[in-house]
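Below: the structure, in structure tokens.
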There are 2 protein chains.
Amino acid sequence: MPMQIRPFVEADWPKVWPIVREVVQAADTFAYDPAMTEAQAHATWIEAPPGLTVVAVEGDRVLGTAKMGPNRPGPGSHVATASFMVAGDARGRGVATALCRVALDWAREHGYVGMQFNAVVETNHAAVEIYKRLGFTIIGTVPGAFAHPTQGRVGLHIMYWEL
Amino acid sequence: MPMQIRPFVEADWPKVWPIVREVVQAADTFAYDPAMTEAQAHATWIEAPPGLTVVAVEGDRVLGTAKMGPNRPGPGSHVATASFMVAGDARGRGVATALCRVALDWAREHGYVGMQFNAVVETNHAAVEIYKRLGFTIIGTVPGAFAHPTQGRVGLHIMYWEL
């Protein structure tokens with residue numbers, strides 16, 4: 001059964017929340033509060049317009065999810081941002097790459113001039129490589145800005161993709 | 001009468017709001033929504049603990065204001081951030097520098113390892129120079145990420161000060 005990426009609907013949440021919880025509690029790729037409640041996770045992950053949240057599904061399984069929207073309000077709102085989470089047992093299958101392509105297409109269609117990632121953990125090599133392959137460059141790295149659970153303080157990359 | 005910097009109290013708001021409104025509506029230094037309401041401005045500018053908002057006062061005048069707090073939650077919460085606004089008729093008198101020194105002292109006292117500015121408008125030369133003089137370096141610049149009202153799309157610096 002092929003993977004399909006479509007907009008999130010509220011009925012997906014019971015399958016999205018375990019993915020968000022797993023990623024947030026691992027605390028090795030996102031600077032989110034590991035004690036985040038389900039309600040806080042929903043408020044954080046489910047974007048209101050003009051943003052969008054999508055899910056990657058395979059039959060009735062949710063493999064991963066992405067959210068996208070303007071990176072900043074007002075004079076910064078022509079640059080998009082996005083975030084991606086993939087279920088632990090669905091990694092290494094190209095889900096994140098597919099989600100990122102969808103986010104870039106979305107940004108292009110909605111008139112954004114680029115996409116910025118504000119805090120890519122430098123030890124998250126899989127993500128960094130995907131983003132580079134899709135055309136993102138590292139604008140800079142804030143040294144030691146992320147307290148990794150096993151690797152100590154590691155850097156956070158700011159990455160940018162220009163349309 | 002010497003300038004004094006002290007924690008914000010709710011009675012200051014009627015004198016802080018005009019400063020925030022002026023800066024946000026000018027839309028040349030902050031990526032905030034220029035249509036921000038007073039309630040949204042209060043929610044944005046007045047920090048709850050562990051963050052702090054301060055005011056620079058001279059007698060019963062408010063010359064400027066700063067807010068400070070962790071830059072990110074969870075694994076990013078050991079790095080601080082801060083923002084500064086100075087009333088139009090109080091510029092060029094060292095208010096921003098004094099506010100920034102207070103924020104750096106606050107960060108040091110509260111155990112932060114550094115301070116990050118996420119979006120310093122590159123044409124805001126006065127601010128960039130103050131930050132550099134106080135020890136901040138430019139980590140990188142996102143090209144064209146800020147729509148300046150008269151100068152078109154200009155870059156946003158990410159700046160960092162390491163303790």
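In the structure tokens, each chain is lettered A, B, ... as it comes, each chain's residues begin at 1, and ligands are numbered from 1 in order of appearance.
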
Which residues are near stretch 150-152 of chain B? Cut-off 9 Å, only C-alpha atoms, ignore same chain within fewer than 4 positions. Put them as an MDAnalysis selection string. chainID B and resid 28 123 144 146

Output N, CA and C atoms for every residue in that selection, as a PDB file, in the first residue's frame.
```pdb
ATOM      1  N   ASP B  28      10.110  48.380  11.377  1.00  0.00           N
ATOM      2  CA  ASP B  28      11.441  48.387  10.760  1.00  0.00           C
ATOM      3  C   ASP B  28      12.509  47.698  11.605  1.00  0.00           C
ATOM      4  N   THR B 123      19.666  46.120   8.989  1.00  0.00           N
ATOM      5  CA  THR B 123      19.732  47.574   8.787  1.00  0.00           C
ATOM      6  C   THR B 123      19.547  48.349  10.098  1.00  0.00           C
ATOM      7  N   GLY B 144      17.336  38.343   3.218  1.00  0.00           N
ATOM      8  CA  GLY B 144      16.021  38.833   2.784  1.00  0.00           C
ATOM      9  C   GLY B 144      14.853  38.422   3.646  1.00  0.00           C
ATOM     10  N   PHE B 146      13.490  39.792   6.186  1.00  0.00           N
ATOM     11  CA  PHE B 146      12.718  40.863   6.831  1.00  0.00           C
ATOM     12  C   PHE B 146      12.307  41.888   5.779  1.00  0.00           C
TER      13      PHE B 146
END
```

Counting only C-alpha atoms, chain A residues within 7 Å of chain B, as a list of chain:residue names: A:Ala27, A:Ala31, A:Tyr32, A:Asp33, A:Pro34, A:Arg72, A:Pro73, A:Gly74, A:Pro75, A:Gly76, A:Val79, A:Ile139, A:Gly140, A:Thr141, A:Val142, A:Ala145, A:Phe146, A:Ala147, A:His148

Can you write out the residues you just picked, keeping N, CA and C atoms, as a PDB file, in the first residue's frame?
```pdb
ATOM      1  N   ALA A  27      13.661  13.739  23.469  1.00  0.00           N
ATOM      2  CA  ALA A  27      14.369  15.013  23.729  1.00  0.00           C
ATOM      3  C   ALA A  27      15.743  15.075  23.069  1.00  0.00           C
ATOM      4  N   ALA A  31      13.725  21.000  20.552  1.00  0.00           N
ATOM      5  CA  ALA A  31      13.781  21.813  21.769  1.00  0.00           C
ATOM      6  C   ALA A  31      12.358  22.113  22.226  1.00  0.00           C
ATOM      7  N   TYR A  32      11.638  21.041  22.550  1.00  0.00           N
ATOM      8  CA  TYR A  32      10.295  21.149  23.124  1.00  0.00           C
ATOM      9  C   TYR A  32      10.403  20.643  24.565  1.00  0.00           C
ATOM     10  N   ASP A  33       9.463  21.069  25.402  1.00  0.00           N
ATOM     11  CA  ASP A  33       9.465  20.608  26.791  1.00  0.00           C
ATOM     12  C   ASP A  33       9.091  19.126  26.830  1.00  0.00           C
ATOM     13  N   PRO A  34       9.975  18.258  27.330  1.00  0.00           N
ATOM     14  CA  PRO A  34       9.669  16.813  27.357  1.00  0.00           C
ATOM     15  C   PRO A  34       8.447  16.484  28.218  1.00  0.00           C
ATOM     16  N   ARG A  72       7.795  33.854  10.933  1.00  0.00           N
ATOM     17  CA  ARG A  72       7.592  34.984  11.836  1.00  0.00           C
ATOM     18  C   ARG A  72       6.386  35.770  11.356  1.00  0.00           C
ATOM     19  N   PRO A  73       5.749  36.536  12.243  1.00  0.00           N
ATOM     20  CA  PRO A  73       4.633  37.378  11.800  1.00  0.00           C
ATOM     21  C   PRO A  73       5.128  38.642  11.095  1.00  0.00           C
ATOM     22  N   GLY A  74       4.184  39.430  10.625  1.00  0.00           N
ATOM     23  CA  GLY A  74       4.466  40.768  10.088  1.00  0.00           C
ATOM     24  C   GLY A  74       5.562  40.779   9.037  1.00  0.00           C
ATOM     25  N   PRO A  75       6.604  41.589   9.249  1.00  0.00           N
ATOM     26  CA  PRO A  75       7.642  41.759   8.222  1.00  0.00           C
ATOM     27  C   PRO A  75       8.491  40.512   7.977  1.00  0.00           C
ATOM     28  N   GLY A  76       8.233  39.432   8.737  1.00  0.00           N
ATOM     29  CA  GLY A  76       8.963  38.185   8.517  1.00  0.00           C
ATOM     30  C   GLY A  76       8.110  37.092   7.902  1.00  0.00           C
ATOM     31  N   VAL A  79       8.738  34.318   4.782  1.00  0.00           N
ATOM     32  CA  VAL A  79       9.604  33.140   4.911  1.00  0.00           C
ATOM     33  C   VAL A  79       8.844  32.083   5.705  1.00  0.00           C
ATOM     34  N   ILE A 139      23.040  28.257   7.659  1.00  0.00           N
ATOM     35  CA  ILE A 139      23.312  29.696   7.773  1.00  0.00           C
ATOM     36  C   ILE A 139      24.307  29.948   8.907  1.00  0.00           C
ATOM     37  N   GLY A 140      24.193  29.143   9.938  1.00  0.00           N
ATOM     38  CA  GLY A 140      25.060  29.277  11.094  1.00  0.00           C
ATOM     39  C   GLY A 140      24.681  28.249  12.140  1.00  0.00           C
ATOM     40  N   THR A 141      25.515  28.121  13.161  1.00  0.00           N
ATOM     41  CA  THR A 141      25.280  27.127  14.205  1.00  0.00           C
ATOM     42  C   THR A 141      25.482  27.783  15.563  1.00  0.00           C
ATOM     43  N   VAL A 142      24.475  27.721  16.409  1.00  0.00           N
ATOM     44  CA  VAL A 142      24.622  28.277  17.752  1.00  0.00           C
ATOM     45  C   VAL A 142      25.281  27.204  18.617  1.00  0.00           C
ATOM     46  N   ALA A 145      23.809  24.965  22.085  1.00  0.00           N
ATOM     47  CA  ALA A 145      22.487  25.489  22.443  1.00  0.00           C
ATOM     48  C   ALA A 145      21.457  24.406  22.723  1.00  0.00           C
ATOM     49  N   PHE A 146      21.832  23.126  22.540  1.00  0.00           N
ATOM     50  CA  PHE A 146      20.881  22.033  22.753  1.00  0.00           C
ATOM     51  C   PHE A 146      21.499  21.013  23.710  1.00  0.00           C
ATOM     52  N   ALA A 147      20.796  20.740  24.819  1.00  0.00           N
ATOM     53  CA  ALA A 147      21.286  19.785  25.821  1.00  0.00           C
ATOM     54  C   ALA A 147      20.835  18.385  25.422  1.00  0.00           C
ATOM     55  N   HIS A 148      21.718  17.676  24.715  1.00  0.00           N
ATOM     56  CA  HIS A 148      21.378  16.336  24.226  1.00  0.00           C
ATOM     57  C   HIS A 148      21.439  15.341  25.392  1.00  0.00           C
TER      58      HIS A 148
END
```

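Taking atom CA of B:Ala87 and atom CA of B:Pro50 as the two end points, the separation is 25.8 Å.
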
Return as a ChimeraX atom specification the full set of residues in stretch 26-141 of chain B whose backbone-based DSSP assignment is strand (DSSP E or B). /B:52-58,61-70,79-86,114-121,137-141

Would you return as a PyMOL selection string the members of stretch 36-131 of chain B that DSSP assigns to alpha helix (DSSP H) on this structure's backbone? chain B and resi 38-45+95-109+125-131

Using N, CA, C and O atoms, can you write the selected residues to a file as a compact mmCIF listing (two decimals), in the first residue's frame?
```txt
# COMPACT_ATOMS: atom_id res chain seq x y z
N GLU B 38 -3.49 45.82 21.73
CA GLU B 38 -2.88 46.09 23.03
C GLU B 38 -2.79 44.79 23.86
O GLU B 38 -1.77 44.53 24.51
N ALA B 39 -3.85 43.98 23.81
CA ALA B 39 -3.83 42.72 24.58
C ALA B 39 -2.76 41.78 24.06
O ALA B 39 -2.06 41.11 24.84
N GLN B 40 -2.62 41.70 22.73
CA GLN B 40 -1.58 40.83 22.17
C GLN B 40 -0.19 41.35 22.53
O GLN B 40 0.73 40.57 22.81
N ALA B 41 -0.04 42.68 22.52
CA ALA B 41 1.26 43.27 22.87
C ALA B 41 1.60 42.94 24.32
O ALA B 41 2.74 42.59 24.64
N HIS B 42 0.61 43.02 25.20
CA HIS B 42 0.85 42.70 26.61
C HIS B 42 1.27 41.24 26.75
O HIS B 42 2.24 40.92 27.44
N ALA B 43 0.54 40.36 26.06
CA ALA B 43 0.86 38.93 26.13
C ALA B 43 2.25 38.64 25.58
O ALA B 43 2.96 37.75 26.06
N THR B 44 2.66 39.39 24.57
CA THR B 44 3.96 39.17 23.93
C THR B 44 5.10 39.74 24.76
O THR B 44 6.15 39.13 24.90
N TRP B 45 4.88 40.92 25.31
CA TRP B 45 6.00 41.66 25.91
C TRP B 45 6.19 41.37 27.40
O TRP B 45 7.32 41.42 27.91
N VAL B 95 20.12 54.13 26.48
CA VAL B 95 19.10 53.34 27.17
C VAL B 95 19.17 51.87 26.75
O VAL B 95 19.14 50.96 27.59
N ALA B 96 19.31 51.62 25.44
CA ALA B 96 19.34 50.23 24.96
C ALA B 96 20.56 49.50 25.51
O ALA B 96 20.48 48.34 25.92
N THR B 97 21.69 50.18 25.52
CA THR B 97 22.91 49.56 26.07
C THR B 97 22.71 49.20 27.54
O THR B 97 23.06 48.09 27.97
N ALA B 98 22.13 50.12 28.29
CA ALA B 98 21.90 49.85 29.72
C ALA B 98 20.93 48.67 29.90
O ALA B 98 21.15 47.81 30.76
N LEU B 99 19.88 48.64 29.09
CA LEU B 99 18.92 47.52 29.17
C LEU B 99 19.61 46.20 28.82
O LEU B 99 19.37 45.16 29.46
N CYS B 100 20.45 46.23 27.81
CA CYS B 100 21.12 44.99 27.39
C CYS B 100 22.08 44.50 28.47
O CYS B 100 22.17 43.31 28.74
N ARG B 101 22.78 45.43 29.13
CA ARG B 101 23.67 45.03 30.23
C ARG B 101 22.87 44.36 31.36
O ARG B 101 23.31 43.37 31.94
N VAL B 102 21.69 44.92 31.64
CA VAL B 102 20.84 44.33 32.68
C VAL B 102 20.42 42.91 32.29
O VAL B 102 20.43 41.98 33.10
N ALA B 103 20.07 42.73 31.01
CA ALA B 103 19.65 41.40 30.55
C ALA B 103 20.81 40.41 30.64
O ALA B 103 20.61 39.25 31.05
N LEU B 104 22.01 40.84 30.29
CA LEU B 104 23.17 39.94 30.36
C LEU B 104 23.49 39.59 31.82
O LEU B 104 23.78 38.43 32.13
N ASP B 105 23.39 40.57 32.71
CA ASP B 105 23.61 40.29 34.14
C ASP B 105 22.57 39.29 34.63
O ASP B 105 22.88 38.35 35.37
N TRP B 106 21.32 39.52 34.22
CA TRP B 106 20.23 38.62 34.62
C TRP B 106 20.52 37.20 34.14
O TRP B 106 20.36 36.22 34.88
N ALA B 107 20.95 37.06 32.89
CA ALA B 107 21.23 35.73 32.33
C ALA B 107 22.34 35.04 33.10
O ALA B 107 22.26 33.85 33.43
N ARG B 108 23.38 35.82 33.41
CA ARG B 108 24.52 35.27 34.17
C ARG B 108 24.06 34.79 35.54
O ARG B 108 24.33 33.66 35.94
N GLU B 109 23.30 35.66 36.22
CA GLU B 109 22.85 35.32 37.59
C GLU B 109 21.92 34.12 37.61
O GLU B 109 21.82 33.42 38.62
N HIS B 125 21.38 49.31 12.42
CA HIS B 125 22.81 49.38 12.71
C HIS B 125 23.08 49.74 14.17
O HIS B 125 24.03 49.24 14.77
N ALA B 126 22.25 50.63 14.73
CA ALA B 126 22.47 51.04 16.12
C ALA B 126 22.44 49.82 17.03
O ALA B 126 23.32 49.62 17.86
N ALA B 127 21.43 48.96 16.83
CA ALA B 127 21.32 47.77 17.67
C ALA B 127 22.48 46.81 17.42
O ALA B 127 23.10 46.30 18.37
N VAL B 128 22.78 46.57 16.14
CA VAL B 128 23.86 45.62 15.83
C VAL B 128 25.17 46.08 16.47
O VAL B 128 25.91 45.27 17.05
N GLU B 129 25.44 47.38 16.41
CA GLU B 129 26.69 47.89 16.99
C GLU B 129 26.71 47.75 18.50
O GLU B 129 27.73 47.38 19.09
N ILE B 130 25.58 48.05 19.15
CA ILE B 130 25.50 47.88 20.61
C ILE B 130 25.78 46.42 20.98
O ILE B 130 26.57 46.13 21.88
N TYR B 131 25.13 45.50 20.29
CA TYR B 131 25.30 44.08 20.63
C TYR B 131 26.75 43.64 20.42
O TYR B 131 27.32 42.93 21.24
```

Contact residues around stretch 53-64 of chain B with only C-alpha atoms at 8 Å, ignoring same-chain residues under 3 positions, as a PyMOL selection string: chain B and resi 1-8+12+15-16+19+45-47+67-68+84-87+90+95-96+99

Just the number, please: distance in Å from atom CA of A:Thr37 to atom CA of A:Gly88, one decimal. 19.8 Å

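Here atom CA of A:Pro49 is placed at a distance of 9.9 Å from atom CA of A:Pro70.
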